[in-house]
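Scroll down for the structure; my scribbles are underneath it.
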Amino acid sequence: MSMPTPTISVICPCYNEQEGLNSFMQRITPVLEQTNLEYEILLINDGSKDNTLDVIYQLSEQNTRVRAINLSRNFGKEAALTAGIDRAKGEVLIPIDADLQDPPELIHDFIREWQKGYDVVVAKRVDRSSDTWAKKFSAEMFYKFHNMVAQVEIPENVGDFRLINRRVVQAIQLLPENQRFMKGVFSWVGFKTSVVEYKRDAREAGESSFNGWKLWNFALDGITSFSTAPLRIWLYIGCVISALSFLFGSFTILKTLMFGIDAPGYASMLTVILFLGGVQLIGIGVLGEYVGRLYMESKRRPIYIVEHDDAESASDPFHHNPVESPSLTQEKSEHFDKLA
Ligand code: UDP
Ligand code: MG
């Protein structure tokens with residue numbers, strides 16, 4: 001049985017969400033029905049360790065509008081979201097979290113704004129009282145720092161919960177990077193954007209999979225993906241330190257010429273050596289962050305591997321390779337032609 005082409009594709013990455021998925025479906029289905037538009041709900045299992053996959057298959061059996069997609073292992077939320085964006089068939093795409101922290105009712109506002117002619121509708125959290133103090137503080141610091149160093153600002157308190165239309169999807173698919181920081185990707189492509197405000201609820205069931213260390217790495221991904229300022233700043237730090245040491249050197253020479261050598265101070269010596277050593281290590285560390293990412297990126301591995309997609313008759317995990325850009329494919333085939 002073939003389904004009518006959907007207008008709305010809801011994209012929901014799921015990692016260990018067995019407890020919450022049923023209530024998620026119960027809340028989002030009436031909202032989508034009320035829009036009177038055709039829709040599909042992509043439930044993407046991102047290598048869950050619990051029974052999420054079984055729950056997803058059950059849901060897709062009960063409801064033909066639910067499309068079960070299973071990734072071959074846990075690739076992380078950004079990859080799962082990318083898989084959904086690549087595979088969704090709708091005219092507009094709505095990424096949403098499975099834990100009901102993003103209220104599905106907001107979809108009505110999304111659709112209204114989209115019908116007014118906006119390409120993107122983002123949801124801005126005006127009230128983060130459900131988040132811990134530490135999370136709010138670190139999020140604020142991240143946005144401040146990111147927007148200071150990155151070329152493209154990402155709006156504060158705006159998550160992945162949003163609506164994007166086909167044009168935006170096509171633009172996003174032009175970004176081939178492996179380390180996907182979706183908030184940055186969304187902002188980078190631009191387009192006419194409307195903002196609707198909402199209050200972020202607490203997680204309905206299960207627990208957040210983003211702990212402190214994961215969030216820190218997520219923030220590093222965000223900053224390194226969209227800014228080279230941390231690399232370039234060492235030039236200026238180096239210049240300042242060199243200028244200061246030149247001044248200090250000149251001062252020492254003059255002093256020695258005029259007053260002769262006095263007892264050298266171990267303490268100041270040690271301080272300078274340790275300080276410079278530390279500064280150099282930080283510089284090398286920042287270089288390492290970028291070189292490591294260059295290395296991973298240069299492998300050109302696919303962002304995710306799909307093990308199953310309801311919309312495909314045969315599941316062939318290696319059939320779909322979303323990172324291979326057309327130009328690259330052509331380059332490769334020319335290369336092989338030459339070899340032949
Ligand atoms: N998620 C995922 N893969 C992961 C981690 C999370 O698909 O490796 C999904 C998760 O199921 C949820 C969404 O991403 O639908 C947001 O995750 P979570 O609620 O843990 O993040 P938080 O709301 O705390 O930022
Ligand atoms: Mg959550």
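Ligands are numbered from 1 in the order shown, chains are lettered A, B, ... in the order of the structure tokens, and residues start at 1 in each chain.
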So that I can check the surroundings of Asn178 in chain A, please list as a ChimeraX atom specification every protein, DNA and RNA residue that reaches within 8 Å of it, counting only C-alpha atoms and ignoring chain neighbours fewer than 4 positions away. /A:296-297,300-303,323
Just the selected residues (C-alpha atoms), exported as a PDB file, in the first residue's frame, please.
```
ATOM      1  CA  MET A 296      38.224  12.475  10.917  1.00  0.00           C
ATOM      2  CA  GLU A 297      36.702  14.660   8.241  1.00  0.00           C
ATOM      3  CA  ARG A 300      34.891  10.939   4.333  1.00  0.00           C
ATOM      4  CA  ARG A 301      33.000   8.277   6.186  1.00  0.00           C
ATOM      5  CA  PRO A 302      29.214   8.303   5.970  1.00  0.00           C
ATOM      6  CA  ILE A 303      27.526  10.195   8.791  1.00  0.00           C
ATOM      7  CA  VAL A 323      28.002  12.177   2.340  1.00  0.00           C
TER       8      VAL A 323
END
```
Produce a table with one row for each residue of range 155-224 of chain A that has an atom at most 12 Å from any atom of range 12-35 of chain A, each row naming the nearest atom pair and its distance in Å at one decimal; use only C-alpha atoms; arrange rows by chain and rising residue number; format as CSV.
```
residue,atom,partner,partner_atom,distance
A:Asp160,CA,A:Cys12,CA,10.6
A:Phe161,CA,A:Cys12,CA,9.9
A:Arg162,CA,A:Cys12,CA,11.9
A:Arg203,CA,A:Gly20,CA,9.1
A:Glu204,CA,A:Gly20,CA,6.6
A:Ala205,CA,A:Gly20,CA,5.2
A:Gly206,CA,A:Glu19,CA,6.4
A:Glu207,CA,A:Asn16,CA,8.5
A:Ser208,CA,A:Asn16,CA,9.5
A:Ser209,CA,A:Tyr15,CA,8.1
A:Phe210,CA,A:Tyr15,CA,11.2
```
Output N, CA, C and O atoms for every residue in the selection just made, as an mmCIF file, in the first residue's frame.
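Wrote it out as result_0.cif, contents follow:
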```cif
data_model
loop_
_atom_site.group_PDB
_atom_site.id
_atom_site.type_symbol
_atom_site.label_atom_id
_atom_site.label_comp_id
_atom_site.auth_asym_id
_atom_site.auth_seq_id
_atom_site.Cartn_x
_atom_site.Cartn_y
_atom_site.Cartn_z
ATOM 1 N N ASP A 160 16.990 22.357 18.330
ATOM 2 C CA ASP A 160 16.740 21.761 17.015
ATOM 3 C C ASP A 160 15.251 21.749 16.680
ATOM 4 O O ASP A 160 14.873 21.518 15.537
ATOM 5 N N PHE A 161 14.406 21.958 17.685
ATOM 6 C CA PHE A 161 12.953 21.937 17.466
ATOM 7 C C PHE A 161 12.566 23.131 16.598
ATOM 8 O O PHE A 161 12.659 24.276 17.028
ATOM 9 N N ARG A 162 12.166 22.871 15.372
ATOM 10 C CA ARG A 162 11.882 23.936 14.415
ATOM 11 C C ARG A 162 11.166 23.360 13.201
ATOM 12 O O ARG A 162 10.963 22.154 13.128
ATOM 13 N N ARG A 203 11.763 16.749 31.189
ATOM 14 C CA ARG A 203 11.689 15.471 30.500
ATOM 15 C C ARG A 203 10.541 14.627 31.051
ATOM 16 O O ARG A 203 10.377 14.504 32.257
ATOM 17 N N GLU A 204 9.766 14.023 30.167
ATOM 18 C CA GLU A 204 8.580 13.260 30.568
ATOM 19 C C GLU A 204 8.952 11.921 31.217
ATOM 20 O O GLU A 204 8.488 11.581 32.282
ATOM 21 N N ALA A 205 9.829 11.164 30.555
ATOM 22 C CA ALA A 205 10.237 9.847 31.074
ATOM 23 C C ALA A 205 11.680 9.604 30.671
ATOM 24 O O ALA A 205 12.220 10.308 29.832
ATOM 25 N N GLY A 206 12.306 8.610 31.292
ATOM 26 C CA GLY A 206 13.698 8.293 30.960
ATOM 27 C C GLY A 206 14.628 9.394 31.428
ATOM 28 O O GLY A 206 14.244 10.254 32.212
ATOM 29 N N GLU A 207 15.896 9.362 30.962
ATOM 30 C CA GLU A 207 16.799 10.422 31.394
ATOM 31 C C GLU A 207 17.631 10.991 30.254
ATOM 32 O O GLU A 207 17.819 10.348 29.222
ATOM 33 N N SER A 208 18.114 12.217 30.462
ATOM 34 C CA SER A 208 18.892 12.892 29.433
ATOM 35 C C SER A 208 20.186 12.135 29.197
ATOM 36 O O SER A 208 20.810 11.641 30.119
ATOM 37 N N SER A 209 20.578 12.045 27.919
ATOM 38 C CA SER A 209 21.823 11.338 27.637
ATOM 39 C C SER A 209 22.979 12.305 27.453
ATOM 40 O O SER A 209 24.055 11.919 27.055
ATOM 41 N N PHE A 210 22.731 13.579 27.748
ATOM 42 C CA PHE A 210 23.813 14.543 27.641
ATOM 43 C C PHE A 210 24.292 14.934 29.035
ATOM 44 O O PHE A 210 23.696 15.750 29.709
#
```
Shell around Lys183 in chain A at 12 Å using only C-alpha atoms, local window under 5 positions removed, as a ChimeraX atom specification: /A:77-78,81-82,95,122,143,146,152-162,172,188-190,218-219,221-223,225-226
Output of the above residues as a short mmCIF file (atom, residue, chain, number, x, y, z; two decimals), in the first residue's frame, restricted to N, CA, C and O atoms:
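Below you can see out_3.cif, which holds the result:
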```
data_model
loop_
_atom_site.label_atom_id
_atom_site.label_comp_id
_atom_site.auth_asym_id
_atom_site.auth_seq_id
_atom_site.Cartn_x
_atom_site.Cartn_y
_atom_site.Cartn_z
N LYS A 77 22.90 12.05 18.37
CA LYS A 77 21.68 12.75 17.96
C LYS A 77 21.84 13.49 16.64
O LYS A 77 20.94 13.47 15.80
N GLU A 78 22.99 14.14 16.45
CA GLU A 78 23.16 14.95 15.24
C GLU A 78 23.09 14.07 13.99
O GLU A 78 22.48 14.44 12.99
N LEU A 81 19.51 12.79 13.44
CA LEU A 81 18.72 13.88 12.87
C LEU A 81 19.02 14.04 11.38
O LEU A 81 18.11 14.22 10.56
N THR A 82 20.29 13.94 11.03
CA THR A 82 20.69 14.04 9.63
C THR A 82 20.06 12.92 8.81
O THR A 82 19.57 13.14 7.70
N PRO A 95 12.04 18.59 13.13
CA PRO A 95 12.77 17.77 14.09
C PRO A 95 12.24 18.02 15.50
O PRO A 95 11.97 19.16 15.86
N VAL A 122 11.67 28.84 14.00
CA VAL A 122 12.38 28.27 15.15
C VAL A 122 11.58 28.48 16.43
O VAL A 122 10.77 29.40 16.53
N TYR A 143 26.77 29.96 24.29
CA TYR A 143 26.22 30.86 23.26
C TYR A 143 27.05 32.13 23.17
O TYR A 143 27.37 32.60 22.07
N HIS A 146 30.51 31.19 21.61
CA HIS A 146 30.35 30.77 20.21
C HIS A 146 30.08 31.98 19.32
O HIS A 146 30.70 32.15 18.28
N VAL A 152 29.01 32.93 11.89
CA VAL A 152 27.55 32.94 11.85
C VAL A 152 27.02 32.75 13.27
O VAL A 152 27.35 31.78 13.93
N GLU A 153 26.22 33.68 13.72
CA GLU A 153 25.68 33.57 15.07
C GLU A 153 24.61 32.50 15.15
O GLU A 153 23.83 32.32 14.23
N ILE A 154 24.56 31.78 16.27
CA ILE A 154 23.39 30.94 16.48
C ILE A 154 22.53 31.61 17.55
O ILE A 154 23.04 32.09 18.55
N PRO A 155 21.23 31.72 17.28
CA PRO A 155 20.37 32.42 18.23
C PRO A 155 20.35 31.70 19.58
O PRO A 155 20.35 30.47 19.64
N GLU A 156 20.36 32.49 20.65
CA GLU A 156 20.36 31.91 21.99
C GLU A 156 19.06 31.19 22.30
O GLU A 156 18.00 31.61 21.86
N ASN A 157 19.17 30.10 23.04
CA ASN A 157 18.00 29.36 23.50
C ASN A 157 17.10 28.83 22.40
O ASN A 157 15.89 28.69 22.57
N VAL A 158 17.69 28.58 21.24
CA VAL A 158 16.94 27.95 20.17
C VAL A 158 17.57 26.59 19.93
O VAL A 158 18.77 26.48 19.74
N GLY A 159 16.77 25.55 20.01
CA GLY A 159 17.29 24.20 19.84
C GLY A 159 17.04 23.67 18.45
O GLY A 159 16.88 24.44 17.49
N ASP A 160 16.99 22.36 18.33
CA ASP A 160 16.74 21.76 17.02
C ASP A 160 15.25 21.75 16.68
O ASP A 160 14.87 21.52 15.54
N PHE A 161 14.41 21.96 17.69
CA PHE A 161 12.95 21.94 17.47
C PHE A 161 12.57 23.13 16.60
O PHE A 161 12.66 24.28 17.03
N ARG A 162 12.17 22.87 15.37
CA ARG A 162 11.88 23.94 14.41
C ARG A 162 11.17 23.36 13.20
O ARG A 162 10.96 22.15 13.13
N ILE A 172 20.80 22.40 3.36
CA ILE A 172 21.50 21.64 4.41
C ILE A 172 22.25 20.46 3.81
O ILE A 172 23.35 20.13 4.22
N TRP A 188 23.74 28.35 9.65
CA TRP A 188 24.64 28.68 8.55
C TRP A 188 23.89 28.84 7.23
O TRP A 188 24.20 29.72 6.45
N VAL A 189 22.88 27.98 7.00
CA VAL A 189 22.19 28.05 5.72
C VAL A 189 21.27 29.27 5.61
O VAL A 189 20.95 29.70 4.50
N GLY A 190 20.88 29.83 6.73
CA GLY A 190 20.11 31.07 6.69
C GLY A 190 18.64 30.90 6.32
O GLY A 190 17.98 30.05 6.86
N PHE A 218 30.33 18.48 22.85
CA PHE A 218 29.34 19.00 21.92
C PHE A 218 29.64 20.48 21.65
O PHE A 218 29.64 20.94 20.50
N ALA A 219 29.97 21.20 22.73
CA ALA A 219 30.30 22.62 22.59
C ALA A 219 31.57 22.79 21.76
O ALA A 219 31.65 23.66 20.89
N ASP A 221 32.67 20.77 19.45
CA ASP A 221 32.27 20.49 18.07
C ASP A 221 31.66 21.73 17.44
O ASP A 221 31.97 22.07 16.31
N GLY A 222 30.80 22.38 18.21
CA GLY A 222 30.11 23.57 17.70
C GLY A 222 31.09 24.66 17.36
O GLY A 222 31.03 25.26 16.29
N ILE A 223 32.02 24.91 18.27
CA ILE A 223 32.94 26.02 18.07
C ILE A 223 33.95 25.71 16.96
O ILE A 223 34.17 26.51 16.06
N SER A 225 33.61 23.68 14.51
CA SER A 225 32.97 23.53 13.20
C SER A 225 32.69 24.87 12.54
O SER A 225 32.58 24.94 11.33
N PHE A 226 32.54 25.90 13.33
CA PHE A 226 32.10 27.15 12.73
C PHE A 226 33.02 28.32 13.02
O PHE A 226 32.65 29.47 12.77
#
```
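Remark: for ligand 1, the closest of the candidate residues A:Glu113, A:Glu38, A:Asp97, A:Glu197 is A:Asp97 (distances computed over only C-alpha atoms and all ligand atoms).
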Go through range 116-209 of chain A and collect every residue that DSSP, computed from the backbone, puts in strand (DSSP E); the answer should be as a PyMOL selection string. chain A and resi 120-127+158-165+193-199
Taking N, CA and C atoms for each residue, export the selection above as a PDB file, in the first residue's frame.
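Once written, result_24.pdb looks like this:
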```
ATOM      1  N   VAL A 120      11.858  29.066   7.489  1.00  0.00           N
ATOM      2  CA  VAL A 120      12.275  28.430   8.742  1.00  0.00           C
ATOM      3  C   VAL A 120      11.428  29.020   9.866  1.00  0.00           C
ATOM      4  N   VAL A 121      10.948  28.184  10.773  1.00  0.00           N
ATOM      5  CA  VAL A 121      10.316  28.685  11.986  1.00  0.00           C
ATOM      6  C   VAL A 121      11.040  28.038  13.165  1.00  0.00           C
ATOM      7  N   VAL A 122      11.674  28.842  14.005  1.00  0.00           N
ATOM      8  CA  VAL A 122      12.379  28.270  15.151  1.00  0.00           C
ATOM      9  C   VAL A 122      11.578  28.479  16.427  1.00  0.00           C
ATOM     10  N   ALA A 123      11.812  27.589  17.380  1.00  0.00           N
ATOM     11  CA  ALA A 123      11.150  27.699  18.682  1.00  0.00           C
ATOM     12  C   ALA A 123      12.167  28.190  19.693  1.00  0.00           C
ATOM     13  N   LYS A 124      11.858  29.314  20.320  1.00  0.00           N
ATOM     14  CA  LYS A 124      12.791  29.893  21.288  1.00  0.00           C
ATOM     15  C   LYS A 124      12.287  29.638  22.698  1.00  0.00           C
ATOM     16  N   ARG A 125      13.157  29.089  23.529  1.00  0.00           N
ATOM     17  CA  ARG A 125      12.771  28.819  24.921  1.00  0.00           C
ATOM     18  C   ARG A 125      12.852  30.101  25.714  1.00  0.00           C
ATOM     19  N   VAL A 126      11.702  30.554  26.210  1.00  0.00           N
ATOM     20  CA  VAL A 126      11.744  31.771  27.017  1.00  0.00           C
ATOM     21  C   VAL A 126      11.887  31.431  28.488  1.00  0.00           C
ATOM     22  N   ASP A 127      11.584  30.174  28.804  1.00  0.00           N
ATOM     23  CA  ASP A 127      11.634  29.782  30.210  1.00  0.00           C
ATOM     24  C   ASP A 127      12.370  28.456  30.306  1.00  0.00           C
ATOM     25  N   VAL A 158      17.689  28.580  21.245  1.00  0.00           N
ATOM     26  CA  VAL A 158      16.937  27.953  20.172  1.00  0.00           C
ATOM     27  C   VAL A 158      17.571  26.589  19.932  1.00  0.00           C
ATOM     28  N   GLY A 159      16.767  25.549  20.010  1.00  0.00           N
ATOM     29  CA  GLY A 159      17.294  24.196  19.844  1.00  0.00           C
ATOM     30  C   GLY A 159      17.043  23.670  18.446  1.00  0.00           C
ATOM     31  N   ASP A 160      16.990  22.357  18.330  1.00  0.00           N
ATOM     32  CA  ASP A 160      16.740  21.761  17.015  1.00  0.00           C
ATOM     33  C   ASP A 160      15.251  21.749  16.680  1.00  0.00           C
ATOM     34  N   PHE A 161      14.406  21.958  17.685  1.00  0.00           N
ATOM     35  CA  PHE A 161      12.953  21.937  17.466  1.00  0.00           C
ATOM     36  C   PHE A 161      12.566  23.131  16.598  1.00  0.00           C
ATOM     37  N   ARG A 162      12.166  22.871  15.372  1.00  0.00           N
ATOM     38  CA  ARG A 162      11.882  23.936  14.415  1.00  0.00           C
ATOM     39  C   ARG A 162      11.166  23.360  13.201  1.00  0.00           C
ATOM     40  N   LEU A 163      10.800  24.229  12.283  1.00  0.00           N
ATOM     41  CA  LEU A 163      10.264  23.775  11.003  1.00  0.00           C
ATOM     42  C   LEU A 163      11.200  24.280   9.914  1.00  0.00           C
ATOM     43  N   ILE A 164      11.519  23.409   8.960  1.00  0.00           N
ATOM     44  CA  ILE A 164      12.295  23.857   7.794  1.00  0.00           C
ATOM     45  C   ILE A 164      11.586  23.356   6.541  1.00  0.00           C
ATOM     46  N   ASN A 165      11.622  24.154   5.494  1.00  0.00           N
ATOM     47  CA  ASN A 165      10.971  23.688   4.274  1.00  0.00           C
ATOM     48  C   ASN A 165      11.985  23.051   3.318  1.00  0.00           C
ATOM     49  N   THR A 193      13.454  33.585   8.460  1.00  0.00           N
ATOM     50  CA  THR A 193      13.148  32.850   9.687  1.00  0.00           C
ATOM     51  C   THR A 193      12.154  33.578  10.579  1.00  0.00           C
ATOM     52  N   SER A 194      11.203  32.839  11.108  1.00  0.00           N
ATOM     53  CA  SER A 194      10.279  33.382  12.093  1.00  0.00           C
ATOM     54  C   SER A 194      10.531  32.686  13.428  1.00  0.00           C
ATOM     55  N   VAL A 195      10.286  33.406  14.511  1.00  0.00           N
ATOM     56  CA  VAL A 195      10.540  32.853  15.844  1.00  0.00           C
ATOM     57  C   VAL A 195       9.240  32.728  16.622  1.00  0.00           C
ATOM     58  N   VAL A 196       8.964  31.569  17.176  1.00  0.00           N
ATOM     59  CA  VAL A 196       7.846  31.455  18.110  1.00  0.00           C
ATOM     60  C   VAL A 196       8.412  31.080  19.476  1.00  0.00           C
ATOM     61  N   GLU A 197       7.803  31.583  20.522  1.00  0.00           N
ATOM     62  CA  GLU A 197       8.355  31.369  21.864  1.00  0.00           C
ATOM     63  C   GLU A 197       7.606  30.276  22.591  1.00  0.00           C
ATOM     64  N   TYR A 198       8.310  29.585  23.467  1.00  0.00           N
ATOM     65  CA  TYR A 198       7.653  28.540  24.251  1.00  0.00           C
ATOM     66  C   TYR A 198       8.403  28.307  25.545  1.00  0.00           C
ATOM     67  N   LYS A 199       7.732  27.576  26.417  1.00  0.00           N
ATOM     68  CA  LYS A 199       8.337  27.230  27.689  1.00  0.00           C
ATOM     69  C   LYS A 199       8.797  25.787  27.598  1.00  0.00           C
TER      70      LYS A 199
END
```
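Computed from the coordinates, the CA of Gly76 in chain A to atom 6 (C, counted along the ligand's line) of ligand 1 distance equals 6.2 Å.
For the pair CA of Asp99 in chain A and CA of Asn211 in chain A, the separation is 15.9 Å.
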Tell me which of A:Leu231, A:Val10, A:Ile237, A:Ile69 sits closest to Ile107 in chain A, counting only C-alpha atoms. A:Val10
Write out as a ChimeraX atom specification each polymer residue whose atoms come within 9 Å of Thr224 in chain A, counting only C-alpha atoms; drop sequence neighbours fewer than 6 positions from it. /A:150,230,289-290,293
Emit the selected residues as a PDB file, in the first residue's frame, including all heavy atoms.
```
ATOM      1  N   ALA A 150      32.457  32.850  16.242  1.00  0.00           N
ATOM      2  CA  ALA A 150      32.017  32.241  14.984  1.00  0.00           C
ATOM      3  C   ALA A 150      31.515  33.303  14.009  1.00  0.00           C
ATOM      4  O   ALA A 150      31.031  34.352  14.414  1.00  0.00           O
ATOM      5  CB  ALA A 150      30.927  31.219  15.249  1.00  0.00           C
ATOM      6  N   PRO A 230      39.888  30.199  17.511  1.00  0.00           N
ATOM      7  CA  PRO A 230      40.792  29.619  18.509  1.00  0.00           C
ATOM      8  C   PRO A 230      42.164  29.255  17.944  1.00  0.00           C
ATOM      9  O   PRO A 230      43.139  29.212  18.673  1.00  0.00           O
ATOM     10  CB  PRO A 230      40.048  28.354  18.965  1.00  0.00           C
ATOM     11  CG  PRO A 230      38.622  28.644  18.703  1.00  0.00           C
ATOM     12  CD  PRO A 230      38.616  29.470  17.448  1.00  0.00           C
ATOM     13  N   GLU A 289      42.946  19.785  18.510  1.00  0.00           N
ATOM     14  CA  GLU A 289      41.496  19.689  18.330  1.00  0.00           C
ATOM     15  C   GLU A 289      41.133  19.807  16.845  1.00  0.00           C
ATOM     16  O   GLU A 289      40.312  19.072  16.331  1.00  0.00           O
ATOM     17  CB  GLU A 289      40.773  20.801  19.107  1.00  0.00           C
ATOM     18  CG  GLU A 289      40.748  20.598  20.616  1.00  0.00           C
ATOM     19  CD  GLU A 289      39.856  19.447  21.034  1.00  0.00           C
ATOM     20  OE1 GLU A 289      38.916  19.110  20.296  1.00  0.00           O
ATOM     21  OE2 GLU A 289      40.114  18.865  22.100  1.00  0.00           O
ATOM     22  N   TYR A 290      41.765  20.764  16.202  1.00  0.00           N
ATOM     23  CA  TYR A 290      41.447  20.973  14.785  1.00  0.00           C
ATOM     24  C   TYR A 290      42.041  19.887  13.904  1.00  0.00           C
ATOM     25  O   TYR A 290      41.382  19.387  12.995  1.00  0.00           O
ATOM     26  CB  TYR A 290      41.930  22.353  14.321  1.00  0.00           C
ATOM     27  CG  TYR A 290      40.995  23.456  14.742  1.00  0.00           C
ATOM     28  CD1 TYR A 290      41.128  24.080  15.969  1.00  0.00           C
ATOM     29  CD2 TYR A 290      39.949  23.840  13.910  1.00  0.00           C
ATOM     30  CE1 TYR A 290      40.262  25.071  16.373  1.00  0.00           C
ATOM     31  CE2 TYR A 290      39.070  24.836  14.299  1.00  0.00           C
ATOM     32  CZ  TYR A 290      39.231  25.449  15.539  1.00  0.00           C
ATOM     33  OH  TYR A 290      38.363  26.419  15.935  1.00  0.00           O
ATOM     34  N   ARG A 293      40.038  16.807  14.057  1.00  0.00           N
ATOM     35  CA  ARG A 293      38.793  16.920  13.301  1.00  0.00           C
ATOM     36  C   ARG A 293      39.056  16.870  11.802  1.00  0.00           C
ATOM     37  O   ARG A 293      38.288  16.271  11.056  1.00  0.00           O
ATOM     38  CB  ARG A 293      38.054  18.202  13.678  1.00  0.00           C
ATOM     39  CG  ARG A 293      37.324  18.042  14.980  1.00  0.00           C
ATOM     40  CD  ARG A 293      36.739  19.327  15.476  1.00  0.00           C
ATOM     41  NE  ARG A 293      35.848  19.077  16.600  1.00  0.00           N
ATOM     42  CZ  ARG A 293      36.251  18.824  17.827  1.00  0.00           C
ATOM     43  NH1 ARG A 293      37.544  18.792  18.087  1.00  0.00           N
ATOM     44  NH2 ARG A 293      35.382  18.598  18.781  1.00  0.00           N
TER      45      ARG A 293
END
```
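Proximity ranking of A:Asn74, A:Gln173, A:Ser129, A:Ser60 relative to ligand 1 places A:Asn74 first, based on only C-alpha atoms and all ligand atoms.
Proximity ranking of A:Leu270, A:Ile305, A:Leu215, A:Leu59 relative to Phe181 in chain A places A:Leu215 first, based on only C-alpha atoms.
Distance-wise, CA of Arg112 in chain A and CA of Leu43 in chain A end up 24.2 Å apart.
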